[in-house]
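Below is the file run_16.cif, which contains mmCIF, C-alpha atoms and all ligand atoms.
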data_final
#
loop_
_atom_site.label_atom_id
_atom_site.label_comp_id
_atom_site.auth_asym_id
_atom_site.auth_seq_id
_atom_site.Cartn_x
_atom_site.Cartn_y
_atom_site.Cartn_z
CA MET A 11 118.29 124.31 -2.70
CA PRO A 12 122.00 125.24 -3.01
CA GLN A 13 124.27 122.47 -4.21
CA VAL A 14 126.53 120.95 -1.58
CA VAL A 15 130.02 120.62 -3.03
CA LEU A 16 132.00 119.13 -0.14
CA GLU A 17 131.42 117.90 3.39
CA THR A 18 134.00 117.57 6.13
CA GLU A 19 133.78 116.47 9.74
CA ARG A 20 132.44 119.84 10.93
CA LEU A 21 131.70 121.81 7.76
CA VAL A 22 129.57 121.86 4.65
CA LEU A 23 130.84 123.74 1.60
CA ARG A 24 127.95 124.66 -0.65
CA GLN A 25 127.35 126.92 -3.60
CA PHE A 26 126.36 130.51 -2.83
CA THR A 27 122.78 131.72 -3.43
CA PRO A 28 121.40 135.28 -3.81
CA ASP A 29 120.13 134.97 -0.20
CA ASP A 30 123.72 135.00 1.10
CA LEU A 31 124.25 138.72 0.46
CA ASP A 32 123.73 139.80 4.09
CA ALA A 33 126.22 137.24 5.42
CA LEU A 34 128.78 138.04 2.73
CA ALA A 35 128.37 141.81 3.21
CA GLU A 36 128.95 141.36 6.97
CA LEU A 37 132.08 139.30 6.32
CA TYR A 38 133.40 141.81 3.78
CA ALA A 39 132.66 144.80 6.03
CA ASP A 40 135.19 143.56 8.61
CA GLU A 41 138.45 145.45 8.07
CA GLN A 42 140.48 142.79 9.89
CA VAL A 43 139.09 139.98 7.77
CA MET A 44 139.71 141.83 4.50
CA ARG A 45 143.04 143.42 5.42
CA TYR A 46 145.11 141.14 3.19
CA ILE A 47 142.55 140.30 0.51
CA GLY A 48 143.29 141.90 -2.86
CA ALA A 49 144.15 145.57 -2.38
CA GLY A 50 143.10 145.22 1.29
CA GLY A 51 140.48 146.94 3.43
CA ALA A 52 136.79 146.56 4.22
CA ARG A 53 134.41 146.25 1.28
CA THR A 54 131.04 147.97 0.87
CA ARG A 55 127.78 146.09 0.48
CA GLU A 56 127.89 146.94 -3.24
CA GLU A 57 131.33 145.36 -3.55
CA ALA A 58 130.09 142.29 -1.66
CA ALA A 59 127.17 142.12 -4.09
CA ARG A 60 129.59 142.20 -7.04
CA SER A 61 131.62 139.38 -5.48
CA LEU A 62 128.45 137.40 -4.86
CA ALA A 63 127.43 137.89 -8.50
CA ALA A 64 130.81 136.44 -9.53
CA TYR A 65 130.34 133.44 -7.22
CA LEU A 66 126.85 132.86 -8.67
CA ALA A 67 128.36 133.02 -12.17
CA ASP A 68 130.92 130.41 -11.01
CA ASN A 69 127.97 128.14 -10.10
CA GLN A 70 126.82 128.29 -13.73
CA LYS A 71 130.37 128.37 -15.11
CA LEU A 72 129.36 131.60 -16.82
CA TRP A 73 132.69 133.26 -17.43
CA ALA A 74 133.14 136.14 -19.86
CA GLU A 75 135.04 135.48 -23.11
CA ASP A 76 137.99 137.67 -22.10
CA VAL A 77 138.27 135.83 -18.75
CA LEU A 78 138.22 132.46 -20.52
CA LYS A 79 140.91 133.65 -22.91
CA ARG A 80 143.08 134.99 -20.09
CA LEU A 81 142.60 131.92 -17.87
CA PRO A 82 142.69 128.79 -20.07
CA PRO A 83 142.13 126.36 -17.13
CA LEU A 84 138.57 127.70 -16.98
CA GLN A 85 138.01 126.49 -20.56
CA TYR A 86 138.99 123.02 -19.36
CA VAL A 87 136.77 123.05 -16.25
CA GLN A 88 133.88 124.41 -18.32
CA ARG A 89 133.89 121.13 -20.25
CA THR A 90 133.66 119.03 -17.06
CA PRO A 91 130.59 118.59 -14.82
CA ALA A 92 132.51 119.17 -11.57
CA PRO A 93 132.01 122.51 -9.79
CA PHE A 94 134.79 125.10 -9.87
CA GLY A 95 134.46 128.33 -7.94
CA ILE A 96 134.18 129.96 -4.54
CA TRP A 97 131.79 128.30 -2.10
CA ALA A 98 130.10 129.18 1.18
CA ILE A 99 131.52 127.55 4.32
CA THR A 100 128.69 126.54 6.64
CA LEU A 101 128.63 124.63 9.90
CA ARG A 102 127.34 121.06 9.84
CA ASP A 103 125.53 121.75 13.12
CA GLY A 104 123.00 123.99 11.39
CA PRO A 105 120.24 122.95 9.01
CA ALA A 106 123.04 121.79 6.66
CA ALA A 107 122.77 123.34 3.21
CA GLU A 108 120.57 126.21 4.41
CA ALA A 109 122.92 127.35 7.15
CA GLN A 110 124.37 130.87 7.08
CA PRO A 111 127.85 131.14 5.56
CA ILE A 112 130.63 131.66 8.13
CA GLY A 113 133.15 132.27 5.38
CA ARG A 114 134.12 131.26 1.90
CA CYS A 115 136.53 128.75 0.43
CA GLY A 116 137.07 127.39 -3.04
CA LEU A 117 139.02 127.43 -6.26
CA ARG A 118 140.05 130.37 -8.38
CA ALA A 119 142.03 130.44 -11.62
CA TRP A 120 145.13 132.64 -11.91
CA ASP A 121 147.63 133.62 -14.56
CA ILE A 122 150.89 134.09 -12.66
CA ASP A 123 153.16 135.63 -15.29
CA GLY A 124 152.01 133.16 -17.95
CA SER A 125 151.68 130.18 -15.63
CA ALA A 126 148.08 128.88 -15.35
CA GLU A 127 147.37 128.05 -11.72
CA ALA A 128 144.42 127.06 -9.52
CA GLU A 129 144.27 128.71 -6.12
CA VAL A 130 142.70 127.34 -2.95
CA GLY A 131 141.33 130.48 -1.25
CA TYR A 132 139.91 130.79 2.25
CA VAL A 133 138.29 133.58 4.29
CA LEU A 134 136.51 133.13 7.61
CA ALA A 135 134.42 135.43 9.83
CA ARG A 136 136.55 136.59 12.76
CA ARG A 137 134.48 134.95 15.49
CA PHE A 138 135.26 131.56 13.94
CA TRP A 139 139.05 131.97 13.71
CA GLY A 140 141.42 129.68 15.58
CA ARG A 141 139.30 126.50 15.51
CA GLY A 142 140.96 124.85 12.52
CA TYR A 143 137.98 125.52 10.25
CA ALA A 144 140.02 127.17 7.47
CA THR A 145 142.46 124.27 7.38
CA GLU A 146 139.61 121.75 7.39
CA ALA A 147 137.80 123.49 4.51
CA ALA A 148 140.94 124.17 2.47
CA ARG A 149 142.20 120.57 2.80
CA ALA A 150 138.90 119.32 1.36
CA VAL A 151 139.15 121.82 -1.51
CA ARG A 152 142.81 120.90 -2.18
CA ASP A 153 141.92 117.19 -2.34
CA PHE A 154 138.94 117.95 -4.58
CA ALA A 155 141.22 119.90 -6.94
CA PHE A 156 143.61 116.96 -7.17
CA ARG A 157 141.09 114.11 -7.23
CA VAL A 158 138.30 115.57 -9.35
CA HIS A 159 139.95 118.24 -11.50
CA GLU A 160 143.29 116.41 -11.62
CA PHE A 161 145.26 119.65 -11.34
CA PRO A 162 148.99 118.94 -11.05
CA ARG A 163 149.30 121.47 -8.22
CA VAL A 164 147.39 124.13 -6.34
CA ILE A 165 148.63 127.45 -5.04
CA SER A 166 147.77 130.09 -2.49
CA VAL A 167 148.39 133.79 -3.12
CA ILE A 168 149.28 135.22 0.28
CA HIS A 169 150.13 138.74 1.43
CA ARG A 170 153.70 138.78 2.76
CA ASP A 171 152.51 139.77 6.26
CA ASN A 172 149.54 137.37 6.51
CA VAL A 173 150.97 134.91 9.06
CA PRO A 174 147.78 132.90 9.82
CA CYS A 175 147.20 132.37 6.09
CA LYS A 176 150.77 131.09 5.70
CA ARG A 177 150.18 128.70 8.62
CA VAL A 178 147.11 127.30 6.89
CA ALA A 179 149.08 126.97 3.63
CA ALA A 180 151.83 125.09 5.48
CA LYS A 181 149.25 122.73 6.97
CA LEU A 182 148.07 122.06 3.39
CA GLY A 183 151.62 120.96 2.59
CA MET A 184 152.40 124.15 0.66
CA THR A 185 155.83 125.69 0.42
CA HIS A 186 156.91 129.18 -0.64
CA LEU A 187 157.40 129.09 -4.40
CA ARG A 188 158.14 132.72 -5.24
CA ASP A 189 157.35 136.34 -4.48
CA TRP A 190 154.89 138.24 -6.65
CA GLU A 191 152.77 141.38 -6.67
CA ASN A 192 148.96 141.57 -6.69
CA HIS A 193 146.91 144.79 -6.62
CA GLY A 194 150.15 146.59 -5.78
CA GLN A 195 150.60 144.41 -2.69
CA PRO A 196 153.64 142.24 -1.99
CA VAL A 197 152.42 138.63 -2.04
CA GLU A 198 153.95 135.20 -1.88
CA ILE A 199 152.92 132.25 -4.03
CA HIS A 200 152.77 129.06 -1.97
CA ALA A 201 152.17 125.74 -3.73
CA VAL A 202 151.70 122.01 -3.21
CA GLU A 203 152.02 119.35 -5.90
CA ALA A 204 149.39 116.63 -6.38
CA PRO A 205 150.35 113.29 -4.84
CA ARG A 206 151.61 110.77 -7.41
C1 LIG B 301 143.56 132.89 7.46
C2 LIG B 301 142.28 132.39 8.10
C3 LIG B 301 141.35 131.89 7.02
C4 LIG B 301 142.63 131.26 9.07
O1 LIG B 301 141.41 130.72 9.59
P1 LIG B 301 141.41 129.78 10.88
O2 LIG B 301 140.20 128.91 10.82
O3 LIG B 301 141.62 130.59 12.09
O4 LIG B 301 142.68 128.89 10.58
P2 LIG B 301 143.14 127.59 11.35
O5 LIG B 301 142.55 127.60 12.74
O6 LIG B 301 142.86 126.41 10.49
O7 LIG B 301 144.71 127.81 11.41
C5 LIG B 301 145.25 129.10 11.71
C6 LIG B 301 146.72 128.96 12.00
O8 LIG B 301 147.28 130.27 12.09
C7 LIG B 301 147.87 130.44 13.36
N1 LIG B 301 147.73 131.84 13.73
C8 LIG B 301 146.60 132.52 13.91
N2 LIG B 301 146.89 133.81 14.22
C9 LIG B 301 148.23 133.90 14.22
C10 LIG B 301 149.14 134.96 14.48
N3 LIG B 301 148.72 136.18 14.75
N4 LIG B 301 150.46 134.70 14.39
C11 LIG B 301 150.90 133.46 14.11
N5 LIG B 301 150.10 132.42 13.85
C12 LIG B 301 148.76 132.65 13.91
C13 LIG B 301 147.14 129.50 14.26
O9 LIG B 301 147.88 129.20 15.43
C14 LIG B 301 146.99 128.29 13.33
O10 LIG B 301 148.20 127.59 13.15
P3 LIG B 301 148.57 126.27 14.00
O11 LIG B 301 147.47 125.27 13.75
O12 LIG B 301 149.86 125.85 13.45
O13 LIG B 301 148.61 126.70 15.45
C15 LIG B 301 141.56 133.49 8.91
O14 LIG B 301 142.48 134.05 9.81
C16 LIG B 301 141.00 134.57 8.02
O15 LIG B 301 139.88 134.47 7.53
N6 LIG B 301 141.77 135.65 7.83
C17 LIG B 301 141.31 136.75 7.03
C18 LIG B 301 141.18 136.39 5.57
C19 LIG B 301 142.50 135.96 4.98
O16 LIG B 301 143.49 136.63 5.16
N7 LIG B 301 142.45 134.82 4.27
C20 LIG B 301 143.64 134.24 3.70
C21 LIG B 301 143.97 134.82 2.40
S1 LIG B 301 145.50 134.10 1.77
#

Just dump the structure as C-alpha cells.
Ligand SMILES: CC(C)(COP(=O)(O)OP(=O)(O)OC[C@H]1O[C@@H](n2cnc3c(N)ncnc32)[C@H](O)[C@@H]1OP(=O)(O)O)[C@@H](O)C(=O)NCCC(=O)NCCS
Amino acid sequence: MPQVVLETERLVLRQFTPDDLDALAELYADEQVMRYIGAGGARTREEAARSLAAYLADNQKLWAEDVLKRLPPLQYVQRTPAPFGIWAITLRDGPAAEAQPIGRCGLRAWDIDGSAEAEVGYVLARRFWGRGYATEAARAVRDFAFRVHEFPRVISVIHRDNVPCKRVAAKLGMTHLRDWENHGQPVEIHAVEAPR
C-alpha cells in the first residue's frame, strides 16, 4: 500500500509505486505537458521508467553518494523521518491511495550556483488543467516543506515562457528571484520565504 504523504480538499498525494509506470509514461509522452520540463519535449517510456526509479529511490531516501555530496539538504532530510521527494497526485474521489496518478508534485533539491534550495515541482495531465489542482497540490507541498522540514524558503524553477507555471508560483506567494539556465533553457527562479 503506497504511503499517503498529504491530503487536500480534492487530492491525495502519495508515494509512487512500480505499478504507476503506465500512468507516468502516458503523462511524459505528452509533448505539451513536457514542453518546459528540463530540456523540453515528450519523453519515452524508458525515460519515464528512469524517472519512476528515481521517485522510488526518493521513497527510500536512497540517494547516490555524489548526489548527497552535491546537494547537502538531502543529507539533512535523510536524517529525518519525513518524506522528501516527488509524489503522485491522485483524486480523492477514487479509491484513495490506489487511484491512478493524474500528475506529480513534490520536493526536489537543487544547487543554484552554490545556493542549496528545495523546489516545489508540479506537473499535471492535460485533461486536468485549469481546475486549480496544481495550486492545491503545490500549496500543500509548500506548507509541508515549511512546517515539517523547516526550510527557510522554497523555490520553483520555471521556463521563461511557461505562463501557467508562473501563475501557480504567484498563487503560492512566490516572486521572481533571478534568471538562470537549466539544460540550456532560459529559466526563472521564483521563491517564497517561510512565514515567521
Ligand atoms: C503548470 C500546470 C501544473 C498548472 O496546472 P493547473 O492545475 O492547470 O493550474 P491551476 O489551475 O492551479 O492554475 C493555473 C493558472 O494558470 C493560468 N493559465 C493557464 N493557462 C494559461 C495561459 N495560457 N496563459 C495565461 N495564464 C494561464 C490559469 O488561469 C491559472 O491562473 P489563475 O488562477 O490566476 O486564473 C499545468 O499547466 C502543467 O502541468 N503544465 C505542464 C507541466 C509544467 O510546465 N509544470 C510546471 C513546471 S515549472

All residues having an atom within 9 Å of ligand LIG 301 (chain B) (all atoms listed in the file) as a PyMOL selection string: chain A and resi 42-48+113-115+130-136+138-148+166-169+172-181

Nearest to Phe161 (chain A), chosen from A:Arg188, A:Gly183, A:Glu203, A:Pro196, with all atoms listed in the file counted in the distances: A:Glu203

Shortest interatomic distance to Arg149 (chain A) - which of A:Val202, A:Val77, A:Asp32, A:Gln195, counting only C-alpha atoms: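 Of A:Val202, A:Val77, A:Asp32, A:Gln195, the one nearest Arg149 (chain A), counting only C-alpha atoms, is A:Val202.
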
Length of the CA of Arg157 (chain A) to CA of Gly116 (chain A) vector [Å]: 14.5 Å

Residue with smallest distance to Val15 (chain A) - pool A:Ala35, A:Ala74, A:Ala67, A:Ile99, counting all atoms listed in the file: A:Ile99

Nearest-residue call for Asp123 (chain A), choices A:Met184, A:Ile199, A:Ala98, A:Ala58, using only C-alpha atoms: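 Checking each candidate against Asp123 (chain A), we get A:Ile199 as the closest.
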
Straight-line distance linking CA of Arg137 (chain A) with CA of His186 (chain A), stated in Å to one decimal: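 Rounded to one decimal, the two atoms are 28.2 Å apart.
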
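Using only C-alpha atoms for every distance, the candidate list A:Ala52, A:Ile112, A:Ala64, A:Ala119 yields A:Ala119 as the residue closest to Gln85 (chain A).
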
Gap from CA of Asp68 (chain A) to CA of Arg118 (chain A) - Å, one decimal: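 One can read the CA of Asp68 (chain A) to CA of Arg118 (chain A) distance as 9.5 Å.
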
Per-axis box centre and lengths in Å around region 152-159 of chain A, 5 Å margin per side, axis-aligned, as JSON:
{"center_x": 141.0, "center_y": 117.5, "center_z": -6.8, "size_x": 15.3, "size_y": 16.8, "size_z": 19.3}

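Nearest to Pro111 (chain A) of all the residues A:Glu17, A:Glu127, A:Asp171, A:Asp30 is A:Asp30, counting only C-alpha atoms.
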
Spatial neighbours of Asp29 (chain A), max dist 12 Å, all atoms listed in the file, sep filter under 6 positions, as a ChimeraX atom specification: /A:11-12,35,59,62-63,66,98,108-111

Any chance you can output those residues with C-alpha atoms as a PDB file, in the coordinates of the input?
ATOM      1  CA  MET A  11     118.290 124.310  -2.700  1.00  0.00           C
ATOM      2  CA  PRO A  12     122.000 125.240  -3.010  1.00  0.00           C
ATOM      3  CA  ALA A  35     128.370 141.810   3.210  1.00  0.00           C
ATOM      4  CA  ALA A  59     127.170 142.120  -4.090  1.00  0.00           C
ATOM      5  CA  LEU A  62     128.450 137.400  -4.860  1.00  0.00           C
ATOM      6  CA  ALA A  63     127.430 137.890  -8.500  1.00  0.00           C
ATOM      7  CA  LEU A  66     126.850 132.860  -8.670  1.00  0.00           C
ATOM      8  CA  ALA A  98     130.100 129.180   1.180  1.00  0.00           C
ATOM      9  CA  GLU A 108     120.570 126.210   4.410  1.00  0.00           C
ATOM     10  CA  ALA A 109     122.920 127.350   7.150  1.00  0.00           C
ATOM     11  CA  GLN A 110     124.370 130.870   7.080  1.00  0.00           C
ATOM     12  CA  PRO A 111     127.850 131.140   5.560  1.00  0.00           C
TER      13      PRO A 111
END

Contacts of Gln88 (chain A) within 12 Å, only C-alpha atoms, excl. fewer than 5 positions in-chain, as JSON, numbers by chain: {"A": [67, 68, 69, 70, 71, 72, 73, 74, 78, 81, 82, 83, 93, 94, 95, 159]}

Within-7 Å shell of (146.7, 127.4, -10.7) in input frame, all atoms listed in the file, as a PyMOL selection string: chain A and resi 119-120+126-129+163-165

With only C-alpha atoms as the counted atoms, please give the residues lying no more than 7 Å from Leu101 (chain A), apart from itself and same-chain residues fewer than 5 positions off, as a PDB file with C-alpha atoms, keeping the file's coordinate frame.
ATOM      1  CA  ARG A  20     132.440 119.840  10.930  1.00  0.00           C
ATOM      2  CA  LEU A  21     131.700 121.810   7.760  1.00  0.00           C
ATOM      3  CA  VAL A  22     129.570 121.860   4.650  1.00  0.00           C
ATOM      4  CA  ALA A 109     122.920 127.350   7.150  1.00  0.00           C
TER       5      ALA A 109
END

Model the absent atoms of region 46-77 of chain A so that N, CA and C atoms are present, and write the result as a PDB file, keeping the file's coordinate frame.
ATOM      1  N   TYR A  46     144.117 141.660   4.133  1.00  0.00           N
ATOM      2  CA  TYR A  46     145.110 141.140   3.190  1.00  0.00           C
ATOM      3  C   TYR A  46     144.488 140.537   1.931  1.00  0.00           C
ATOM      4  N   ILE A  47     143.210 140.828   1.705  1.00  0.00           N
ATOM      5  CA  ILE A  47     142.550 140.300   0.510  1.00  0.00           C
ATOM      6  C   ILE A  47     142.601 141.350  -0.595  1.00  0.00           C
ATOM      7  N   GLY A  48     143.162 140.969  -1.741  1.00  0.00           N
ATOM      8  CA  GLY A  48     143.290 141.900  -2.860  1.00  0.00           C
ATOM      9  C   GLY A  48     144.063 143.139  -2.450  1.00  0.00           C
ATOM     10  N   ALA A  49     143.476 144.317  -2.732  1.00  0.00           N
ATOM     11  CA  ALA A  49     144.150 145.570  -2.380  1.00  0.00           C
ATOM     12  C   ALA A  49     144.043 145.853  -0.888  1.00  0.00           C
ATOM     13  N   GLY A  50     143.227 145.081  -0.168  1.00  0.00           N
ATOM     14  CA  GLY A  50     143.100 145.220   1.290  1.00  0.00           C
ATOM     15  C   GLY A  50     142.033 146.210   1.695  1.00  0.00           C
ATOM     16  N   GLY A  51     141.476 146.002   2.897  1.00  0.00           N
ATOM     17  CA  GLY A  51     140.480 146.940   3.430  1.00  0.00           C
ATOM     18  C   GLY A  51     139.060 146.410   3.321  1.00  0.00           C
ATOM     19  N   ALA A  52     138.201 146.969   4.198  1.00  0.00           N
ATOM     20  CA  ALA A  52     136.790 146.560   4.220  1.00  0.00           C
ATOM     21  C   ALA A  52     136.126 146.857   2.883  1.00  0.00           C
ATOM     22  N   ARG A  53     135.148 146.049   2.531  1.00  0.00           N
ATOM     23  CA  ARG A  53     134.410 146.250   1.280  1.00  0.00           C
ATOM     24  C   ARG A  53     132.985 146.714   1.611  1.00  0.00           C
ATOM     25  N   THR A  54     132.426 147.505   0.713  1.00  0.00           N
ATOM     26  CA  THR A  54     131.040 147.970   0.870  1.00  0.00           C
ATOM     27  C   THR A  54     130.071 146.842   0.519  1.00  0.00           C
ATOM     28  N   ARG A  55     128.819 147.069   0.850  1.00  0.00           N
ATOM     29  CA  ARG A  55     127.780 146.090   0.480  1.00  0.00           C
ATOM     30  C   ARG A  55     127.714 145.916  -1.046  1.00  0.00           C
ATOM     31  N   GLU A  56     127.922 147.024  -1.772  1.00  0.00           N
ATOM     32  CA  GLU A  56     127.890 146.940  -3.240  1.00  0.00           C
ATOM     33  C   GLU A  56     129.030 146.049  -3.751  1.00  0.00           C
ATOM     34  N   GLU A  57     130.198 146.199  -3.130  1.00  0.00           N
ATOM     35  CA  GLU A  57     131.330 145.360  -3.550  1.00  0.00           C
ATOM     36  C   GLU A  57     131.068 143.891  -3.207  1.00  0.00           C
ATOM     37  N   ALA A  58     130.452 143.668  -2.032  1.00  0.00           N
ATOM     38  CA  ALA A  58     130.090 142.290  -1.660  1.00  0.00           C
ATOM     39  C   ALA A  58     129.095 141.721  -2.671  1.00  0.00           C
ATOM     40  N   ALA A  59     128.168 142.567  -3.108  1.00  0.00           N
ATOM     41  CA  ALA A  59     127.170 142.120  -4.090  1.00  0.00           C
ATOM     42  C   ALA A  59     127.840 141.753  -5.413  1.00  0.00           C
ATOM     43  N   ARG A  60     128.862 142.523  -5.792  1.00  0.00           N
ATOM     44  CA  ARG A  60     129.590 142.200  -7.040  1.00  0.00           C
ATOM     45  C   ARG A  60     130.324 140.866  -6.899  1.00  0.00           C
ATOM     46  N   SER A  61     130.943 140.662  -5.719  1.00  0.00           N
ATOM     47  CA  SER A  61     131.620 139.380  -5.480  1.00  0.00           C
ATOM     48  C   SER A  61     130.623 138.237  -5.534  1.00  0.00           C
ATOM     49  N   LEU A  62     129.462 138.455  -4.877  1.00  0.00           N
ATOM     50  CA  LEU A  62     128.450 137.400  -4.860  1.00  0.00           C
ATOM     51  C   LEU A  62     127.995 137.074  -6.286  1.00  0.00           C
ATOM     52  N   ALA A  63     127.835 138.108  -7.099  1.00  0.00           N
ATOM     53  CA  ALA A  63     127.430 137.890  -8.500  1.00  0.00           C
ATOM     54  C   ALA A  63     128.472 137.025  -9.220  1.00  0.00           C
ATOM     55  N   ALA A  64     129.744 137.252  -8.907  1.00  0.00           N
ATOM     56  CA  ALA A  64     130.810 136.440  -9.530  1.00  0.00           C
ATOM     57  C   ALA A  64     130.736 134.999  -9.038  1.00  0.00           C
ATOM     58  N   TYR A  65     130.433 134.806  -7.749  1.00  0.00           N
ATOM     59  CA  TYR A  65     130.340 133.440  -7.220  1.00  0.00           C
ATOM     60  C   TYR A  65     129.125 132.715  -7.825  1.00  0.00           C
ATOM     61  N   LEU A  66     128.041 133.460  -8.056  1.00  0.00           N
ATOM     62  CA  LEU A  66     126.850 132.860  -8.670  1.00  0.00           C
ATOM     63  C   LEU A  66     127.145 132.504 -10.139  1.00  0.00           C
ATOM     64  N   ALA A  67     127.951 133.329 -10.790  1.00  0.00           N
ATOM     65  CA  ALA A  67     128.360 133.020 -12.170  1.00  0.00           C
ATOM     66  C   ALA A  67     129.245 131.774 -12.183  1.00  0.00           C
ATOM     67  N   ASP A  68     130.111 131.635 -11.143  1.00  0.00           N
ATOM     68  CA  ASP A  68     130.920 130.410 -11.010  1.00  0.00           C
ATOM     69  C   ASP A  68     130.008 129.176 -10.990  1.00  0.00           C
ATOM     70  N   ASN A  69     128.901 129.274 -10.227  1.00  0.00           N
ATOM     71  CA  ASN A  69     127.970 128.140 -10.100  1.00  0.00           C
ATOM     72  C   ASN A  69     127.524 127.652 -11.470  1.00  0.00           C
ATOM     73  N   GLN A  70     127.308 128.616 -12.374  1.00  0.00           N
ATOM     74  CA  GLN A  70     126.820 128.290 -13.730  1.00  0.00           C
ATOM     75  C   GLN A  70     127.967 128.129 -14.705  1.00  0.00           C
ATOM     76  N   LYS A  71     129.191 128.344 -14.228  1.00  0.00           N
ATOM     77  CA  LYS A  71     130.370 128.370 -15.110  1.00  0.00           C
ATOM     78  C   LYS A  71     130.178 129.392 -16.239  1.00  0.00           C
ATOM     79  N   LEU A  72     129.610 130.516 -15.854  1.00  0.00           N
ATOM     80  CA  LEU A  72     129.360 131.600 -16.820  1.00  0.00           C
ATOM     81  C   LEU A  72     130.502 132.601 -16.734  1.00  0.00           C
ATOM     82  N   TRP A  73     131.567 132.341 -17.462  1.00  0.00           N
ATOM     83  CA  TRP A  73     132.690 133.260 -17.430  1.00  0.00           C
ATOM     84  C   TRP A  73     132.779 134.010 -18.755  1.00  0.00           C
ATOM     85  N   ALA A  74     133.088 135.295 -18.658  1.00  0.00           N
ATOM     86  CA  ALA A  74     133.140 136.140 -19.860  1.00  0.00           C
ATOM     87  C   ALA A  74     134.260 135.648 -20.789  1.00  0.00           C
ATOM     88  N   GLU A  75     134.079 135.937 -22.086  1.00  0.00           N
ATOM     89  CA  GLU A  75     135.040 135.480 -23.110  1.00  0.00           C
ATOM     90  C   GLU A  75     136.473 135.925 -22.786  1.00  0.00           C
ATOM     91  N   ASP A  76     136.631 137.184 -22.358  1.00  0.00           N
ATOM     92  CA  ASP A  76     137.990 137.670 -22.100  1.00  0.00           C
ATOM     93  C   ASP A  76     138.611 136.944 -20.902  1.00  0.00           C
ATOM     94  N   VAL A  77     137.763 136.575 -19.926  1.00  0.00           N
ATOM     95  CA  VAL A  77     138.270 135.830 -18.750  1.00  0.00           C
ATOM     96  C   VAL A  77     138.700 134.432 -19.190  1.00  0.00           C
TER      97      VAL A  77
END
